[in-house]
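**Q** Structure provided below as structure tokens; questions to follow.
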Protein chains: 2
Amino acid sequence: MQDFTHSMSMMLYRALNGVMPRFRAIFSEFGVTETQWRVLRILWERKRIGFRELGELSLIPAPSLVGVIDRLCRDGLVERERSTQDRRQVDILATAAGQALEAQVMPAVSNAYAELSGALDKQTHAHLMAGLSALANLAHAPHQSAAPNPPRTLTGSQ
Amino acid sequence: MQDFTHSMSMMLYRALNGVMPRFRAIFSEFGVTETQWRVLRILWERKRIGFRELGELSLIPAPSLVGVIDRLCRDGLVERERSTQDRRQVDILATAAGQALEAQVMPAVSNAYAELSGALDKQTHAHLMAGLSALANLAHAPHQSAAPNPPRTLTGSQ
DNA sequence: AACTATTTATTAACATATTAATGAATAATC
DNA sequence: GATTATTCATTAATATGTTAATAAATAGTT
């Protein structure tokens with residue numbers, strides 16, 4: 001087996017460490033975290049979106065998203081609105097202040113992203129995205145356990 | 001500009017979401033978290049290692065590593081030992097129980113990793129690793145700010 | 001030697017991830 | 001139409017990430 005520090009998962013983390021700091025530096029100048037940014041980025045394209053779909057698109061798990069929305073509400077950037085059709089559901093929408101942020105933050109971010117893409121030649125970039133896509137689409141097949149007493153719950157699925 | 005949900009950073013997160021769950025499922029069966037696993041994985045190759053280097057190899061930031069080591073100590077898997085040369089430094093080493101875990105967990109993990117590698121053809125895998133390596137080696141060049149009043153500290157470096 | 005600057009691990013404060021559980025609302029089945 | 005099962009957002013508990021600050025020890029400088 002090869003070196004652990006260069007295993008697939010570690011290389012993925014290493015890549016994120018190489019990419020994200022420059023973006024977080026921009027976000028922090030405007031008082032938003034990376035996770036909050038992800039939510040806002042989606043709300044700028046979809047004026048109104050359901051809590052669940054927002055979580056799927058932003059890759060933020062539901063329990064985390066609750067707190068993220070809480071803080072964005074606290075800061076006056078988004079609002080909750082309970083659905084009238086199904087009163088379990090909650091829609092999220094950006095306030096005027098939340099919408100205004102787009103014009104302020106996007107230039108710097110687009111610039112940084114262009115700079116990032118420019119650091120890789122077309123070939124490398126294309127191959128990289130293809131590989132990442134392949135990993136993302138791997139089936140989450142439950143593996144064969146080797147544990148003595150698997151502490152599984154009886155609730156069945158997921 | 002392209003779709004945000006398929007930007008480089010989101011694809012990196014998506015890839016991790018595709019890869020890590022199967023490993024975390026294994027770790028949890030042995031009562032260790034993914035982060036604790038990374039520490040142990042390194043200690044199995046280096047009987048004794050300095051706190052700082054451990055943080056660099058495991059990609060765990062120092063403040064997080066303090067707590068991770070605390071909990072590994074609590075569970076009797078590792079031990080702290082203050083250096084005699086430089087009494088600021090702390091070495092970390094695995095206990096007998098910590099070392100014993102290797103033989104129990106590695107088979108399942110190696111198996112899962114082989115299964116993962118097998119899901120990608122050699123070409124894709126090689127290109128992917130090359131791309132990730134390129135991203136990891138990007139210089140963390142401080143960007144040009146567009147913020148009105150950059151709230152930077154005066155501590156300079158880092 | 002005294003003073004200053006740097007390094008090392010740690011703490012503090014806040015935000016997020018992970019897993020399991022809960023309450024309210026809706027859907028399914030009887 | 002009452003019971004049961006499922007969905008949805010949320011809470012709870014624990015672990016980790018992020019940024020800034022701190023205390024102790026060492027290194028550098030005068």
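Convention: chains lettered A, B, ... in structure tokens order; per-chain residue numbering from 1; ligands numbered from 1 as shown.
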Would you give me, as a PyMOL selection string, the residues in chain B that DSSP reads as alpha helix (DSSP H)?

**A** chain B and resi 8-29+34-43+51-58+62-74+96-118+122-136

**Q** Pull out every residue of chain D that has at least one atom within 9 Å of chain A, counting only C-alpha atoms (C1' of nucleotides), and report them as a PyMOL selection string.

**A** chain D and resi 7-11

**Q** Please produce chain B as a PDB file with C-alpha atoms, in the first residue's frame once it has been superposed on chain A, the fit using all Cα atoms paired in sequence order.

**A**
```
ATOM      1  CA  MET B   1       0.128  -0.020   0.084  1.00  0.00           C
ATOM      2  CA  GLN B   2       1.174   3.511  -0.734  1.00  0.00           C
ATOM      3  CA  ASP B   3       1.798   6.478   1.527  1.00  0.00           C
ATOM      4  CA  PHE B   4      -1.190   7.410   3.631  1.00  0.00           C
ATOM      5  CA  THR B   5      -0.522  11.122   3.388  1.00  0.00           C
ATOM      6  CA  HIS B   6      -1.000  10.843  -0.373  1.00  0.00           C
ATOM      7  CA  SER B   7      -4.055   8.617  -0.347  1.00  0.00           C
ATOM      8  CA  MET B   8      -7.099   9.704  -2.311  1.00  0.00           C
ATOM      9  CA  SER B   9      -8.953  11.164   0.648  1.00  0.00           C
ATOM     10  CA  MET B  10      -5.925  13.042   1.962  1.00  0.00           C
ATOM     11  CA  MET B  11      -5.253  14.461  -1.488  1.00  0.00           C
ATOM     12  CA  LEU B  12      -8.843  15.680  -1.661  1.00  0.00           C
ATOM     13  CA  TYR B  13      -8.398  17.482   1.654  1.00  0.00           C
ATOM     14  CA  ARG B  14      -5.033  18.800   0.513  1.00  0.00           C
ATOM     15  CA  ALA B  15      -6.606  20.194  -2.657  1.00  0.00           C
ATOM     16  CA  LEU B  16      -9.297  21.958  -0.626  1.00  0.00           C
ATOM     17  CA  ASN B  17      -6.589  23.427   1.601  1.00  0.00           C
ATOM     18  CA  GLY B  18      -4.920  24.733  -1.536  1.00  0.00           C
ATOM     19  CA  VAL B  19      -8.074  26.233  -2.993  1.00  0.00           C
ATOM     20  CA  MET B  20     -10.343  27.510  -0.234  1.00  0.00           C
ATOM     21  CA  PRO B  21      -8.237  29.935   1.823  1.00  0.00           C
ATOM     22  CA  ARG B  22      -8.227  32.554  -0.932  1.00  0.00           C
ATOM     23  CA  PHE B  23     -12.022  32.448  -1.129  1.00  0.00           C
ATOM     24  CA  ARG B  24     -12.527  32.459   2.632  1.00  0.00           C
ATOM     25  CA  ALA B  25     -10.339  35.556   2.797  1.00  0.00           C
ATOM     26  CA  ILE B  26     -12.783  37.305   0.486  1.00  0.00           C
ATOM     27  CA  PHE B  27     -15.894  36.090   2.287  1.00  0.00           C
ATOM     28  CA  SER B  28     -14.601  37.190   5.671  1.00  0.00           C
ATOM     29  CA  GLU B  29     -14.103  40.715   4.396  1.00  0.00           C
ATOM     30  CA  PHE B  30     -17.866  40.857   3.901  1.00  0.00           C
ATOM     31  CA  GLY B  31     -18.684  39.166   7.185  1.00  0.00           C
ATOM     32  CA  VAL B  32     -19.917  35.872   5.796  1.00  0.00           C
ATOM     33  CA  THR B  33     -18.531  32.386   6.308  1.00  0.00           C
ATOM     34  CA  GLU B  34     -17.889  29.895   3.545  1.00  0.00           C
ATOM     35  CA  THR B  35     -21.012  27.953   4.440  1.00  0.00           C
ATOM     36  CA  GLN B  36     -23.174  31.066   4.577  1.00  0.00           C
ATOM     37  CA  TRP B  37     -21.753  32.013   1.188  1.00  0.00           C
ATOM     38  CA  ARG B  38     -22.922  28.723  -0.307  1.00  0.00           C
ATOM     39  CA  VAL B  39     -26.463  29.408   0.859  1.00  0.00           C
ATOM     40  CA  LEU B  40     -26.462  32.961  -0.454  1.00  0.00           C
ATOM     41  CA  ARG B  41     -24.922  31.885  -3.763  1.00  0.00           C
ATOM     42  CA  ILE B  42     -27.914  29.638  -4.353  1.00  0.00           C
ATOM     43  CA  LEU B  43     -30.485  32.189  -3.190  1.00  0.00           C
ATOM     44  CA  TRP B  44     -29.138  34.674  -5.722  1.00  0.00           C
ATOM     45  CA  GLU B  45     -30.209  32.313  -8.492  1.00  0.00           C
ATOM     46  CA  ARG B  46     -33.406  31.083  -6.881  1.00  0.00           C
ATOM     47  CA  LYS B  47     -35.280  33.880  -5.141  1.00  0.00           C
ATOM     48  CA  ARG B  48     -37.142  31.302  -3.078  1.00  0.00           C
ATOM     49  CA  ILE B  49     -36.200  27.705  -2.345  1.00  0.00           C
ATOM     50  CA  GLY B  50     -37.326  24.933  -0.005  1.00  0.00           C
ATOM     51  CA  PHE B  51     -35.199  24.088   2.990  1.00  0.00           C
ATOM     52  CA  ARG B  52     -34.595  20.559   1.799  1.00  0.00           C
ATOM     53  CA  GLU B  53     -33.531  21.411  -1.738  1.00  0.00           C
ATOM     54  CA  LEU B  54     -31.323  24.161  -0.392  1.00  0.00           C
ATOM     55  CA  GLY B  55     -29.537  21.591   1.718  1.00  0.00           C
ATOM     56  CA  GLU B  56     -29.026  19.295  -1.262  1.00  0.00           C
ATOM     57  CA  LEU B  57     -27.686  21.986  -3.566  1.00  0.00           C
ATOM     58  CA  SER B  58     -25.398  23.538  -0.963  1.00  0.00           C
ATOM     59  CA  LEU B  59     -24.211  20.145   0.345  1.00  0.00           C
ATOM     60  CA  ILE B  60     -25.006  21.311   3.860  1.00  0.00           C
ATOM     61  CA  PRO B  61     -26.564  18.609   6.037  1.00  0.00           C
ATOM     62  CA  ALA B  62     -29.971  19.516   7.442  1.00  0.00           C
ATOM     63  CA  PRO B  63     -28.933  19.812  11.100  1.00  0.00           C
ATOM     64  CA  SER B  64     -26.135  22.202  10.153  1.00  0.00           C
ATOM     65  CA  LEU B  65     -28.355  24.160   7.802  1.00  0.00           C
ATOM     66  CA  VAL B  66     -30.750  24.973  10.626  1.00  0.00           C
ATOM     67  CA  GLY B  67     -28.035  26.893  12.448  1.00  0.00           C
ATOM     68  CA  VAL B  68     -26.682  28.459   9.269  1.00  0.00           C
ATOM     69  CA  ILE B  69     -30.131  29.846   8.441  1.00  0.00           C
ATOM     70  CA  ASP B  70     -30.582  30.963  12.057  1.00  0.00           C
ATOM     71  CA  ARG B  71     -27.440  33.088  11.841  1.00  0.00           C
ATOM     72  CA  LEU B  72     -28.258  34.425   8.378  1.00  0.00           C
ATOM     73  CA  CYS B  73     -31.661  35.459   9.731  1.00  0.00           C
ATOM     74  CA  ARG B  74     -30.002  37.034  12.776  1.00  0.00           C
ATOM     75  CA  ASP B  75     -27.789  39.055  10.416  1.00  0.00           C
ATOM     76  CA  GLY B  76     -30.793  40.096   8.332  1.00  0.00           C
ATOM     77  CA  LEU B  77     -29.647  38.425   5.116  1.00  0.00           C
ATOM     78  CA  VAL B  78     -32.378  35.801   4.688  1.00  0.00           C
ATOM     79  CA  GLU B  79     -35.865  34.994   5.945  1.00  0.00           C
ATOM     80  CA  ARG B  80     -37.845  31.874   6.747  1.00  0.00           C
ATOM     81  CA  GLU B  81     -41.384  31.439   5.421  1.00  0.00           C
ATOM     82  CA  ARG B  82     -43.502  28.426   6.201  1.00  0.00           C
ATOM     83  CA  SER B  83     -45.193  26.794   3.222  1.00  0.00           C
ATOM     84  CA  THR B  84     -48.969  27.005   3.029  1.00  0.00           C
ATOM     85  CA  GLN B  85     -49.376  23.798   1.027  1.00  0.00           C
ATOM     86  CA  ASP B  86     -47.447  21.599   3.442  1.00  0.00           C
ATOM     87  CA  ARG B  87     -46.999  23.197   6.812  1.00  0.00           C
ATOM     88  CA  ARG B  88     -44.005  21.003   7.595  1.00  0.00           C
ATOM     89  CA  GLN B  89     -41.993  22.681   4.875  1.00  0.00           C
ATOM     90  CA  VAL B  90     -40.067  25.932   5.188  1.00  0.00           C
ATOM     91  CA  ASP B  91     -38.977  28.163   2.327  1.00  0.00           C
ATOM     92  CA  ILE B  92     -35.893  30.334   2.507  1.00  0.00           C
ATOM     93  CA  LEU B  93     -35.548  33.651   0.720  1.00  0.00           C
ATOM     94  CA  ALA B  94     -32.986  36.435   0.664  1.00  0.00           C
ATOM     95  CA  THR B  95     -33.763  39.866   2.087  1.00  0.00           C
ATOM     96  CA  ALA B  96     -32.878  43.064   0.249  1.00  0.00           C
ATOM     97  CA  ALA B  97     -29.627  43.181   2.204  1.00  0.00           C
ATOM     98  CA  GLY B  98     -28.935  39.581   1.274  1.00  0.00           C
ATOM     99  CA  GLN B  99     -29.511  40.289  -2.396  1.00  0.00           C
ATOM    100  CA  ALA B 100     -27.375  43.415  -2.286  1.00  0.00           C
ATOM    101  CA  LEU B 101     -24.378  41.370  -1.172  1.00  0.00           C
ATOM    102  CA  GLU B 102     -24.154  39.700  -4.572  1.00  0.00           C
ATOM    103  CA  ALA B 103     -22.962  42.799  -6.387  1.00  0.00           C
ATOM    104  CA  GLN B 104     -20.403  43.476  -3.681  1.00  0.00           C
ATOM    105  CA  VAL B 105     -18.842  40.036  -3.328  1.00  0.00           C
ATOM    106  CA  MET B 106     -19.123  38.442  -6.760  1.00  0.00           C
ATOM    107  CA  PRO B 107     -16.492  40.559  -8.540  1.00  0.00           C
ATOM    108  CA  ALA B 108     -13.703  39.552  -6.179  1.00  0.00           C
ATOM    109  CA  VAL B 109     -14.870  35.935  -6.119  1.00  0.00           C
ATOM    110  CA  SER B 110     -15.164  35.674  -9.889  1.00  0.00           C
ATOM    111  CA  ASN B 111     -11.744  37.178 -10.177  1.00  0.00           C
ATOM    112  CA  ALA B 112     -10.256  34.680  -7.735  1.00  0.00           C
ATOM    113  CA  TYR B 113     -11.967  31.819  -9.501  1.00  0.00           C
ATOM    114  CA  ALA B 114     -10.655  32.893 -12.885  1.00  0.00           C
ATOM    115  CA  GLU B 115      -7.190  33.155 -11.395  1.00  0.00           C
ATOM    116  CA  LEU B 116      -7.582  29.663 -10.004  1.00  0.00           C
ATOM    117  CA  SER B 117      -8.761  28.157 -13.283  1.00  0.00           C
ATOM    118  CA  GLY B 118      -5.917  29.859 -15.054  1.00  0.00           C
ATOM    119  CA  ALA B 119      -3.432  28.042 -12.864  1.00  0.00           C
ATOM    120  CA  LEU B 120      -4.394  24.755 -14.505  1.00  0.00           C
ATOM    121  CA  ASP B 121      -4.211  24.005 -18.215  1.00  0.00           C
ATOM    122  CA  LYS B 122      -7.463  23.034 -19.933  1.00  0.00           C
ATOM    123  CA  GLN B 123      -6.515  19.383 -20.081  1.00  0.00           C
ATOM    124  CA  THR B 124      -5.668  19.063 -16.387  1.00  0.00           C
ATOM    125  CA  HIS B 125      -8.774  20.983 -15.417  1.00  0.00           C
ATOM    126  CA  ALA B 126     -11.052  18.814 -17.555  1.00  0.00           C
ATOM    127  CA  HIS B 127      -9.526  15.558 -16.337  1.00  0.00           C
ATOM    128  CA  LEU B 128      -9.739  16.735 -12.751  1.00  0.00           C
ATOM    129  CA  MET B 129     -13.406  17.603 -12.987  1.00  0.00           C
ATOM    130  CA  ALA B 130     -14.142  14.287 -14.686  1.00  0.00           C
ATOM    131  CA  GLY B 131     -12.392  12.387 -11.912  1.00  0.00           C
ATOM    132  CA  LEU B 132     -14.170  14.325  -9.184  1.00  0.00           C
ATOM    133  CA  SER B 133     -17.461  13.686 -10.931  1.00  0.00           C
ATOM    134  CA  ALA B 134     -16.745   9.965 -11.001  1.00  0.00           C
ATOM    135  CA  LEU B 135     -16.018   9.930  -7.266  1.00  0.00           C
ATOM    136  CA  ALA B 136     -19.130  11.936  -6.516  1.00  0.00           C
ATOM    137  CA  ASN B 137     -21.285   9.436  -8.338  1.00  0.00           C
ATOM    138  CA  LEU B 138     -19.987   6.369  -6.532  1.00  0.00           C
ATOM    139  CA  ALA B 139     -22.791   4.351  -5.038  1.00  0.00           C
ATOM    140  CA  HIS B 140     -22.753   4.431  -1.272  1.00  0.00           C
ATOM    141  CA  ALA B 141     -22.785   0.655  -1.182  1.00  0.00           C
ATOM    142  CA  PRO B 142     -22.837  -0.604   2.409  1.00  0.00           C
ATOM    143  CA  HIS B 143     -19.602  -2.544   2.801  1.00  0.00           C
ATOM    144  CA  GLN B 144     -18.986  -5.957   4.319  1.00  0.00           C
ATOM    145  CA  SER B 145     -18.231  -5.446   7.986  1.00  0.00           C
ATOM    146  CA  ALA B 146     -15.393  -7.187   9.823  1.00  0.00           C
ATOM    147  CA  ALA B 147     -16.439  -5.962  13.255  1.00  0.00           C
ATOM    148  CA  PRO B 148     -17.338  -8.528  15.939  1.00  0.00           C
ATOM    149  CA  ASN B 149     -20.616  -6.935  17.025  1.00  0.00           C
ATOM    150  CA  PRO B 150     -21.799  -4.408  14.454  1.00  0.00           C
ATOM    151  CA  PRO B 151     -23.618  -1.694  16.443  1.00  0.00           C
ATOM    152  CA  ARG B 152     -26.109  -0.999  13.695  1.00  0.00           C
ATOM    153  CA  THR B 153     -29.514   0.427  14.461  1.00  0.00           C
ATOM    154  CA  LEU B 154     -32.649  -1.283  13.292  1.00  0.00           C
ATOM    155  CA  THR B 155     -33.980   1.737  11.480  1.00  0.00           C
ATOM    156  CA  GLY B 156     -32.756   0.264   8.205  1.00  0.00           C
ATOM    157  CA  SER B 157     -32.384   2.660   5.320  1.00  0.00           C
ATOM    158  CA  GLN B 158     -30.151   5.695   4.771  1.00  0.00           C
TER     159      GLN B 158
END
```

**Q** With only C-alpha atoms (C1' of nucleotides) counted and 10 Å as the cut-off, give the residues of chain C in contact with chain A, each with its shortest interatomic distance in Å and the pair that gives it, as a tab-separated table.

**A**
```
residue	atom	partner	partner_atom	distance
C:DA15	C1'	A:Thr33	CA	8.3
C:DT16	C1'	A:Ser64	CA	6.3
C:DA17	C1'	A:Ser64	CA	7.1
C:DT18	C1'	A:Pro61	CA	9.1
C:DA24	C1'	A:Arg88	CA	7.3
C:DA25	C1'	A:Arg88	CA	5.6
C:DT26	C1'	A:Asp86	CA	7.6
```

**Q** If you keep N, CA, C and O atoms (P, O5', C5', C4', C3', O3' and C1' of nucleotides), can you produce a file of those selected residues as a compact mmCIF listing (two decimals), in the first residue's frame?

**A**
```txt
# COMPACT_ATOMS: atom_id res chain seq x y z
P DA C 15 -21.43 32.53 15.32
O5' DA C 15 -20.93 31.35 14.39
C5' DA C 15 -19.92 31.60 13.42
C4' DA C 15 -19.62 30.32 12.66
C3' DA C 15 -20.86 29.60 12.11
O3' DA C 15 -20.63 29.26 10.75
C1' DA C 15 -19.54 28.11 13.40
P DT C 16 -21.79 28.61 9.91
O5' DT C 16 -21.39 27.07 9.95
C5' DT C 16 -20.22 26.64 9.29
C4' DT C 16 -19.92 25.19 9.62
C3' DT C 16 -20.96 24.19 9.13
O3' DT C 16 -20.34 23.40 8.13
C1' DT C 16 -20.18 23.69 11.32
P DA C 17 -21.13 22.11 7.53
O5' DA C 17 -20.64 20.88 8.44
C5' DA C 17 -19.31 20.40 8.27
C4' DA C 17 -19.13 19.05 8.94
C3' DA C 17 -20.08 17.95 8.47
O3' DA C 17 -19.36 16.73 8.41
C1' DA C 17 -20.33 18.27 10.80
P DT C 18 -19.96 15.42 7.72
O5' DT C 18 -20.53 14.58 8.93
C5' DT C 18 -19.64 14.21 9.99
C4' DT C 18 -20.38 13.42 11.03
C3' DT C 18 -21.52 12.54 10.49
O3' DT C 18 -21.28 11.22 10.92
C1' DT C 18 -22.25 13.83 12.36
P DA C 24 -45.87 18.79 19.10
O5' DA C 24 -46.14 19.16 17.57
C5' DA C 24 -45.36 20.18 16.97
C4' DA C 24 -45.57 20.17 15.47
C3' DA C 24 -47.02 20.01 15.04
O3' DA C 24 -47.33 20.95 14.03
C1' DA C 24 -45.69 18.33 14.02
P DA C 25 -48.85 21.06 13.49
O5' DA C 25 -48.78 20.34 12.07
C5' DA C 25 -47.89 20.86 11.08
C4' DA C 25 -47.76 19.86 9.94
C3' DA C 25 -49.10 19.49 9.28
O3' DA C 25 -49.05 19.91 7.92
C1' DA C 25 -47.78 17.55 9.76
P DT C 26 -50.37 19.81 7.03
O5' DT C 26 -50.15 18.43 6.24
C5' DT C 26 -49.01 18.30 5.40
C4' DT C 26 -48.78 16.84 5.08
C3' DT C 26 -49.89 16.16 4.27
O3' DT C 26 -49.38 15.86 2.98
C1' DT C 26 -49.05 14.76 5.99
```

**Q** Set the distance at 12 Å and use only C-alpha atoms (C1' of nucleotides): which residues neighbour DG1 in chain D once local chain neighbours fewer than 2 positions away are removed? I'd like the list as a list of chain:residue names.

**A**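 With the cut-off at 12 Å, the set is C:DT29, C:DC30, D:DT3.
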
**Q** In Å, with one decimal, what is the gap from C1' of DA13 in chain D to C1' of DG23 in chain C?

**A**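 We find that C1' of DA13 in chain D and C1' of DG23 in chain C lie 18.4 Å from each other.
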
**Q** Quick one: everything within 12 Å of DC3 in chain C, counting only C-alpha atoms (C1' of nucleotides), minus sequence neighbours fewer than 4 positions away in the same chain. Send it as an NGL selection string.

**A** :D and (28-30)
